[in-house]
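File shown here: query17.tsv, holding TSV, C-alpha atoms.
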chain	number	residue	atom	x	y	z
Q	1	MET	CA	-67.99	1.20	89.26
Q	2	ARG	CA	-68.86	1.16	92.93
Q	3	VAL	CA	-66.45	-0.31	95.52
Q	4	ARG	CA	-68.24	-1.83	98.45
Q	5	PRO	CA	-66.54	-1.18	101.79
Q	6	ILE	CA	-65.46	-4.17	103.86
Q	7	PRO	CA	-67.69	-4.48	106.91
Q	8	THR	CA	-66.07	-3.75	110.24
Q	9	VAL	CA	-66.64	-7.36	111.29
Q	10	GLY	CA	-64.70	-8.50	108.22
Q	11	LEU	CA	-61.76	-6.25	109.05
Q	12	LEU	CA	-61.65	-7.57	112.58
Q	13	ALA	CA	-61.71	-11.14	111.33
Q	14	LEU	CA	-58.83	-10.40	108.90
Q	15	ALA	CA	-56.78	-8.75	111.64
Q	16	SER	CA	-57.34	-11.74	113.91
Q	17	LEU	CA	-56.21	-14.13	111.17
Q	18	LEU	CA	-53.01	-12.16	110.54
Q	19	ALA	CA	-52.29	-12.08	114.25
Q	20	ILE	CA	-52.29	-15.87	114.58
Q	21	LEU	CA	-50.26	-16.58	111.44
Q	22	PRO	CA	-46.61	-17.44	112.15
Q	23	PRO	CA	-44.19	-14.58	111.34
Q	24	ASP	CA	-42.49	-16.58	108.58
Q	25	THR	CA	-45.76	-16.71	106.64
Q	26	ALA	CA	-45.52	-13.01	105.88
Q	27	ARG	CA	-41.72	-12.97	105.48
Q	28	ALA	CA	-40.45	-16.19	103.94
Q	29	GLN	CA	-36.83	-17.12	104.58
Q	30	ARG	CA	-34.56	-17.79	101.62
Q	31	PRO	CA	-33.56	-21.45	101.41
Q	32	VAL	CA	-29.86	-22.19	100.95
Q	33	ASP	CA	-27.80	-25.35	101.09
Q	34	LEU	CA	-25.53	-24.05	103.85
Q	35	GLU	CA	-25.29	-21.17	106.32
Q	36	LEU	CA	-21.56	-20.76	107.01
Q	37	VAL	CA	-19.84	-18.49	109.52
Q	38	LEU	CA	-16.14	-17.97	108.81
Q	39	ALA	CA	-14.61	-17.04	112.19
Q	40	ILE	CA	-10.97	-15.87	112.08
Q	41	ASP	CA	-8.55	-15.27	114.97
Q	42	VAL	CA	-7.12	-11.73	115.15
Q	43	SER	CA	-5.80	-11.92	118.72
Q	44	GLY	CA	-2.49	-10.41	119.81
Q	45	SER	CA	-0.48	-13.39	118.58
Q	46	VAL	CA	-1.58	-12.62	115.02
Q	47	ASP	CA	0.28	-9.67	113.52
Q	48	GLU	CA	-0.97	-7.60	110.59
Q	49	GLU	CA	1.00	-9.60	108.04
Q	50	GLU	CA	-0.46	-12.89	109.32
Q	51	ALA	CA	-3.95	-11.39	109.41
Q	52	SER	CA	-3.49	-10.37	105.79
Q	53	LEU	CA	-2.42	-13.91	104.90
Q	54	GLN	CA	-5.62	-15.24	106.49
Q	55	ARG	CA	-7.83	-12.79	104.62
Q	56	GLU	CA	-6.07	-13.39	101.33
Q	57	GLY	CA	-6.38	-17.13	101.91
Q	58	TYR	CA	-10.13	-16.90	102.30
Q	59	ALA	CA	-10.51	-14.49	99.39
Q	60	SER	CA	-8.50	-16.77	97.11
Q	61	ALA	CA	-10.35	-19.91	98.22
Q	62	LEU	CA	-13.79	-18.34	97.80
Q	63	ASN	CA	-12.90	-17.45	94.19
Q	64	ASP	CA	-11.55	-20.89	93.35
Q	65	GLU	CA	-13.62	-22.56	90.64
Q	66	ARG	CA	-13.91	-25.75	92.73
Q	67	VAL	CA	-15.41	-23.82	95.64
Q	68	ILE	CA	-17.77	-21.97	93.28
Q	69	ALA	CA	-18.88	-25.30	91.82
Q	70	ALA	CA	-19.49	-26.70	95.30
Q	71	MET	CA	-21.48	-23.61	96.32
Q	72	GLY	CA	-23.76	-23.90	93.31
Q	73	GLY	CA	-23.96	-27.67	93.28
Q	74	GLY	CA	-26.57	-28.28	95.98
Q	75	PRO	CA	-30.37	-28.55	95.65
Q	76	PHE	CA	-30.84	-24.79	96.20
Q	77	GLY	CA	-27.79	-23.74	94.17
Q	78	ALA	CA	-26.45	-21.29	96.76
Q	79	VAL	CA	-24.84	-20.96	100.18
Q	80	ALA	CA	-24.87	-18.04	102.63
Q	81	VAL	CA	-21.62	-16.85	104.23
Q	82	THR	CA	-20.62	-14.26	106.81
Q	83	TYR	CA	-17.08	-13.32	107.87
Q	84	VAL	CA	-16.22	-12.70	111.55
Q	85	GLU	CA	-12.96	-11.76	113.29
Q	86	TRP	CA	-12.48	-12.49	116.98
Q	87	ALA	CA	-9.97	-12.25	119.84
Q	88	GLY	CA	-10.75	-12.07	123.57
Q	89	ASP	CA	-14.11	-12.75	125.19
Q	90	ASP	CA	-15.12	-9.11	124.67
Q	91	TYR	CA	-14.03	-8.83	121.03
Q	92	GLN	CA	-15.96	-10.30	118.13
Q	93	ARG	CA	-16.66	-8.32	114.96
Q	94	THR	CA	-18.75	-9.14	111.89
Q	95	VAL	CA	-16.55	-7.88	109.05
Q	96	VAL	CA	-18.86	-8.93	106.18
Q	97	PRO	CA	-22.55	-9.62	106.89
Q	98	TRP	CA	-24.57	-12.55	105.58
Q	99	THR	CA	-24.24	-12.82	101.81
Q	100	VAL	CA	-25.80	-15.38	99.50
Q	101	ILE	CA	-23.22	-16.77	97.07
Q	102	ALA	CA	-24.41	-18.64	94.01
Q	103	ASN	CA	-21.84	-17.72	91.36
Q	104	GLN	CA	-18.44	-16.18	90.65
Q	105	ASP	CA	-19.68	-12.60	90.80
Q	106	ASP	CA	-21.22	-13.13	94.25
Q	107	ALA	CA	-18.01	-14.71	95.50
Q	108	ARG	CA	-15.86	-11.91	94.09
Q	109	ARG	CA	-17.94	-9.21	95.76
Q	110	PHE	CA	-17.81	-11.02	99.10
Q	111	SER	CA	-14.04	-11.58	98.96
Q	112	ASP	CA	-13.46	-7.96	97.93
Q	113	GLU	CA	-15.28	-6.84	101.08
Q	114	ILE	CA	-13.03	-9.08	103.18
Q	115	THR	CA	-9.79	-7.69	101.80
Q	116	ALA	CA	-11.00	-4.06	101.84
Q	117	ALA	CA	-12.01	-3.99	105.52
Q	118	PRO	CA	-9.58	-2.21	107.89
Q	119	PHE	CA	-7.58	-4.52	110.12
Q	120	MET	CA	-8.30	-4.50	113.85
Q	121	SER	CA	-6.88	-6.65	116.62
Q	122	ALA	CA	-7.31	-7.20	120.36
Q	123	ARG	CA	-5.64	-9.08	123.20
Q	124	TRP	CA	-6.39	-12.58	124.46
Q	125	THR	CA	-7.90	-15.62	122.79
Q	126	SER	CA	-11.44	-16.71	123.56
Q	127	LEU	CA	-12.58	-19.61	121.43
Q	128	SER	CA	-15.66	-19.89	123.65
Q	129	GLY	CA	-16.48	-16.22	123.08
Q	130	ALA	CA	-16.12	-16.70	119.32
Q	131	ILE	CA	-18.38	-19.77	119.34
Q	132	ASP	CA	-21.01	-18.06	121.51
Q	133	TYR	CA	-21.06	-14.99	119.26
Q	134	CYS	CA	-21.17	-16.93	116.01
Q	135	ALA	CA	-23.98	-19.18	117.28
Q	136	THR	CA	-26.23	-16.12	117.64
Q	137	LEU	CA	-25.80	-15.09	114.00
Q	138	PHE	CA	-28.12	-17.73	112.54
Q	139	ALA	CA	-31.34	-16.56	114.19
Q	140	GLY	CA	-33.25	-13.91	112.28
Q	141	ASN	CA	-30.83	-13.74	109.35
Q	142	GLY	CA	-33.59	-14.27	106.76
Q	143	LEU	CA	-32.11	-17.59	105.67
Q	144	GLU	CA	-33.06	-21.23	106.05
Q	145	GLY	CA	-30.08	-23.49	105.48
Q	146	VAL	CA	-30.05	-27.25	105.22
Q	147	ARG	CA	-26.96	-27.05	107.45
Q	148	GLN	CA	-25.57	-24.44	109.84
Q	149	VAL	CA	-21.78	-24.46	110.27
Q	150	ILE	CA	-19.22	-22.37	112.15
Q	151	ASP	CA	-15.75	-22.58	110.59
Q	152	ILE	CA	-13.31	-21.38	113.25
Q	153	SER	CA	-9.58	-20.85	112.73
Q	154	GLY	CA	-6.92	-19.77	115.20
Q	155	ASP	CA	-3.34	-20.17	116.40
Q	156	GLY	CA	-3.85	-20.51	120.16
Q	157	VAL	CA	-5.77	-22.12	122.99
Q	158	ASN	CA	-8.56	-20.51	124.98
Q	159	ASN	CA	-7.24	-18.12	127.66
Q	160	ARG	CA	-10.32	-16.01	128.36
Q	161	GLY	CA	-13.96	-16.81	129.03
Q	162	ARG	CA	-15.61	-20.12	129.78
Q	163	PRO	CA	-14.24	-23.46	128.52
Q	164	PRO	CA	-14.67	-23.76	124.76
Q	165	ALA	CA	-16.03	-27.31	125.06
Q	166	VAL	CA	-19.01	-25.95	127.00
Q	167	ALA	CA	-19.75	-23.36	124.31
Q	168	ARG	CA	-19.21	-26.03	121.65
Q	169	ASP	CA	-21.67	-28.43	123.27
Q	170	GLU	CA	-24.37	-25.75	123.54
Q	171	ALA	CA	-23.96	-24.82	119.87
Q	172	VAL	CA	-24.10	-28.47	118.80
Q	173	ALA	CA	-27.26	-28.96	120.88
Q	174	ALA	CA	-28.80	-26.11	118.86
Q	175	GLY	CA	-28.09	-27.98	115.61
Q	176	ILE	CA	-24.86	-26.20	114.65
Q	177	THR	CA	-21.74	-28.01	113.43
Q	178	ILE	CA	-18.33	-26.54	114.28
Q	179	ASN	CA	-15.30	-27.27	112.10
Q	180	GLY	CA	-11.78	-26.15	112.93
Q	181	LEU	CA	-8.63	-24.91	111.27
Q	182	PRO	CA	-5.84	-24.81	113.86
Q	183	ILE	CA	-2.74	-22.93	112.69
Q	184	LEU	CA	0.33	-24.76	114.00
Q	185	ASN	CA	2.63	-21.82	114.51
Q	186	GLU	CA	5.85	-22.30	116.49
Q	187	ARG	CA	6.52	-18.58	116.87
Q	188	PRO	CA	6.21	-17.31	120.49
Q	189	ASN	CA	3.52	-14.72	121.06
Q	190	PRO	CA	4.48	-11.00	121.35
Q	191	TRP	CA	4.47	-11.19	125.18
Q	192	GLY	CA	7.02	-13.99	125.29
Q	193	GLY	CA	4.68	-16.92	125.86
Q	194	ALA	CA	5.47	-20.21	124.19
Q	195	ALA	CA	3.49	-21.39	121.18
Q	196	PRO	CA	0.79	-23.95	122.07
Q	197	ILE	CA	1.70	-27.62	121.76
Q	198	ASP	CA	-0.64	-30.08	120.00
Q	199	LEU	CA	-3.07	-27.36	118.98
Q	200	ASP	CA	-4.66	-29.72	116.46
Q	201	ARG	CA	-5.50	-32.19	119.23
Q	202	TYR	CA	-6.81	-29.33	121.37
Q	203	TYR	CA	-9.20	-28.33	118.59
Q	204	GLU	CA	-10.30	-31.93	118.16
Q	205	GLU	CA	-11.09	-32.32	121.86
Q	206	ASN	CA	-12.45	-28.85	122.69
Q	207	VAL	CA	-13.63	-27.02	119.58
Q	208	ILE	CA	-15.10	-29.12	116.78
Q	209	GLY	CA	-18.41	-30.90	117.15
Q	210	GLY	CA	-21.70	-31.79	115.51
Q	211	PRO	CA	-22.63	-34.04	112.57
Q	212	GLY	CA	-19.68	-34.56	110.25
Q	213	ALA	CA	-17.40	-32.20	112.20
Q	214	PHE	CA	-13.72	-32.20	111.23
Q	215	TYR	CA	-10.57	-30.10	111.35
Q	216	ILE	CA	-7.75	-29.48	108.91
Q	217	ALA	CA	-4.50	-28.17	110.38
Q	218	ALA	CA	-2.33	-25.56	108.67
Q	219	ARG	CA	1.38	-26.08	109.33
Q	220	ASP	CA	1.89	-22.31	109.57
Q	221	PHE	CA	0.35	-19.09	108.29
Q	222	ASP	CA	1.91	-19.56	104.86
Q	223	ASP	CA	0.11	-22.93	104.60
Q	224	PHE	CA	-3.21	-21.34	105.52
Q	225	ALA	CA	-4.46	-20.72	101.96
Q	226	ALA	CA	-4.04	-24.35	100.92
Q	227	ALA	CA	-5.66	-25.59	104.13
Q	228	ILE	CA	-8.68	-23.31	103.85
Q	229	LEU	CA	-9.22	-24.28	100.22
Q	230	SER	CA	-9.37	-27.98	101.15
Q	231	LYS	CA	-11.57	-27.21	104.12
Q	232	LEU	CA	-14.10	-25.07	102.24
Q	233	ILE	CA	-14.53	-27.64	99.49
Q	234	ARG	CA	-15.07	-30.38	102.06
Q	235	GLU	CA	-17.60	-28.55	104.22
Q	236	ILE	CA	-19.56	-26.94	101.40
Q	237	ALA	CA	-19.89	-30.18	99.47
Q	238	ALA	CA	-20.71	-32.25	102.57
Q	239	ASN	CA	-23.78	-34.45	102.30
Q	240	PRO	CA	-25.83	-34.24	105.53
Q	241	SER	CA	-26.99	-37.82	105.04
Q	242	ASP	CA	-23.37	-38.97	105.29
Q	243	ALA	CA	-22.73	-37.13	108.55
Q	244	GLY	CA	-22.36	-39.10	111.72
Using the file provided, produce a representation of the structure as structure tokens.
Amino acid sequence: MRVRPIPTVGLLALASLLAILPPDTARAQRPVDLELVLAIDVSGSVDEEEASLQREGYASALNDERVIAAMGGGPFGAVAVTYVEWAGDDYQRTVVPWTVIANQDDARRFSDEITAAPFMSARWTSLSGAIDYCATLFAGNGLEGVRQVIDISGDGVNNRGRPPAVARDEAVAAGITINGLPILNERPNPWGGAAPIDLDRYYEENVIGGPGAFYIAARDFDDFAAAILSKLIREIAANPSDAG
């Protein structure tokens, strides 16, 4: 059997065709119902015990059967999640990279990575820095979500970097929704500063935004697990057509 070589003209034509095809033609993105960034405050006002409570709260919520049902209940049967910890404007760290979760086993592996990661902290609180960093994580992640959401939790107001409302507005303009979980903690920070007053209202006015945006406040760190469970169910099961 003889194999006829492709004429040089044919090779040039094929190369030209490949050059004009959009990049996604050769590397299709995986469709998911939601791309969700979990962004958690580990600034100086959060000690190691409180950081552990936050991680355990997320790990427990992600393994809850109601959250699993919500994750698998959309048209594509899966969501993609990444876990980020943040503090000042120069400290943001992706603890667990983008992971597609469609079932209990996926959720268990993801939550195990959260709890196994070493704890790190830094000074200051930059909600704007966290929003700016998280907003960059959607591009080039190999995913195509029906919705893109940043879920940001923290126990203080912005004290470093640009105003969070400016970062919020830019993210919303890019099609990202930001939900909030303010932790209403009355304990003074380690440097003697008073706990923020009306942190829930601050989040409402300066942090959350986009279609269907909302916040759920935790009364303290011990209440965090219950708050995050309610919040995850609500944002994962959200219907984009109901947003407004």
| request: Please measure the separation of CA of Gly212 (chain Q) and CA of Val172 (chain Q), giving the value in Å to one decimal. | output: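 Straight-line distance from CA of Gly212 (chain Q) to CA of Val172 (chain Q) works out to 11.4 Å.
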| field | Of the listed residues Q:Leu62, Q:Arg201, Q:Ala117, Q:Val37, that which approaches Ala226 (chain Q) most closely, counting all atoms listed in the file | value | Q:Leu62
| said: Taking 4 positions as the minimum chain separation for residues in the same chain, which residues sit within 12 Å of Ala102 (chain Q) when counting only C-alpha atoms? Answer as a ChimeraX atom specification. | reply: /Q:32-34,62-63,65,67-81,106-110
| Among listed residues Q:Gly57, Q:Pro163, Q:Pro118, Q:Gly88, nearest Ala225 (chain Q) (using only C-alpha atoms) |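 Smallest separation from Ala225 (chain Q) among the options: Q:Gly57.
Among the candidates Q:Asp155, Q:Glu235, Q:Glu35, Q:Asp64, the residue lying nearest to Trp86 (chain Q) is Q:Asp155 (atoms considered: all atoms listed in the file).
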| Pairwise distance for CA of Phe119 (chain Q) and CA of Arg93 (chain Q), rounded to one decimal in Å | 11.0 Å
Given all atoms listed in the file, how would the per-residue table for region 67-145 of chain Q near region 42-52 of chain Q read, listing every residue at most 12 Å away with its closest atom pair and distance in Å to one decimal, sorted by chain and number, as a tab-separated table?
residue	atom	partner	partner_atom	distance
Q:Val84	CA	Q:Val42	CA	9.8
Q:Glu85	CA	Q:Val42	CA	6.1
Q:Trp86	CA	Q:Val42	CA	5.7
Q:Ala87	CA	Q:Ser43	CA	4.3
Q:Gly88	CA	Q:Ser43	CA	6.9
Q:Asp89	CA	Q:Ser43	CA	10.6
Q:Asp90	CA	Q:Ser43	CA	11.4
Q:Tyr91	CA	Q:Ser43	CA	9.1
Q:Gln92	CA	Q:Val42	CA	9.4
Q:Arg93	CA	Q:Val42	CA	10.1
Q:Val95	CA	Q:Val42	CA	11.9
Q:Ile114	CA	Q:Ser52	CA	10.0
Q:Thr115	CA	Q:Ser52	CA	7.9
Q:Ala116	CA	Q:Ser52	CA	10.6
Q:Ala117	CA	Q:Ser52	CA	10.6
Q:Pro118	CA	Q:Ser52	CA	10.4
Q:Phe119	CA	Q:Glu48	CA	7.3
Q:Met120	CA	Q:Val42	CA	7.4
Q:Ser121	CA	Q:Val42	CA	5.3
Q:Ala122	CA	Q:Ser43	CA	5.2
Q:Arg123	CA	Q:Gly44	CA	4.8
Q:Trp124	CA	Q:Ser43	CA	5.8
Q:Thr125	CA	Q:Ser43	CA	5.9
Q:Ser126	CA	Q:Ser43	CA	8.8
Q:Leu127	CA	Q:Ser43	CA	10.6
Q:Ala130	CA	Q:Val42	CA	11.1
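With only C-alpha atoms as the atoms that count, the residue of Q:Ile228, Q:Val146, Q:Ile233, Q:Ala139 with the shortest distance to Leu38 (chain Q) is Q:Ile228.
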| query | Using all atoms listed in the file, which residue out of Q:Asn141, Q:Thr82, Q:Thr99, Q:Asn179 lies closest to Ala28 (chain Q)? | reply |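 Closest candidate: Q:Asn141.
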| task | Could you tell me how far CA of Gly175 (chain Q) lies from CA of Leu199 (chain Q), in Å and to one decimal? | result |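 CA of Leu199 (chain Q) lies at a distance of 25.3 Å from CA of Gly175 (chain Q).
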| field | Nearest to Ile152 (chain Q), chosen from Q:Arg55, Q:Ile101, Q:Ala39, Q:Phe224, with only C-alpha atoms counted in the distances | value | Q:Ala39
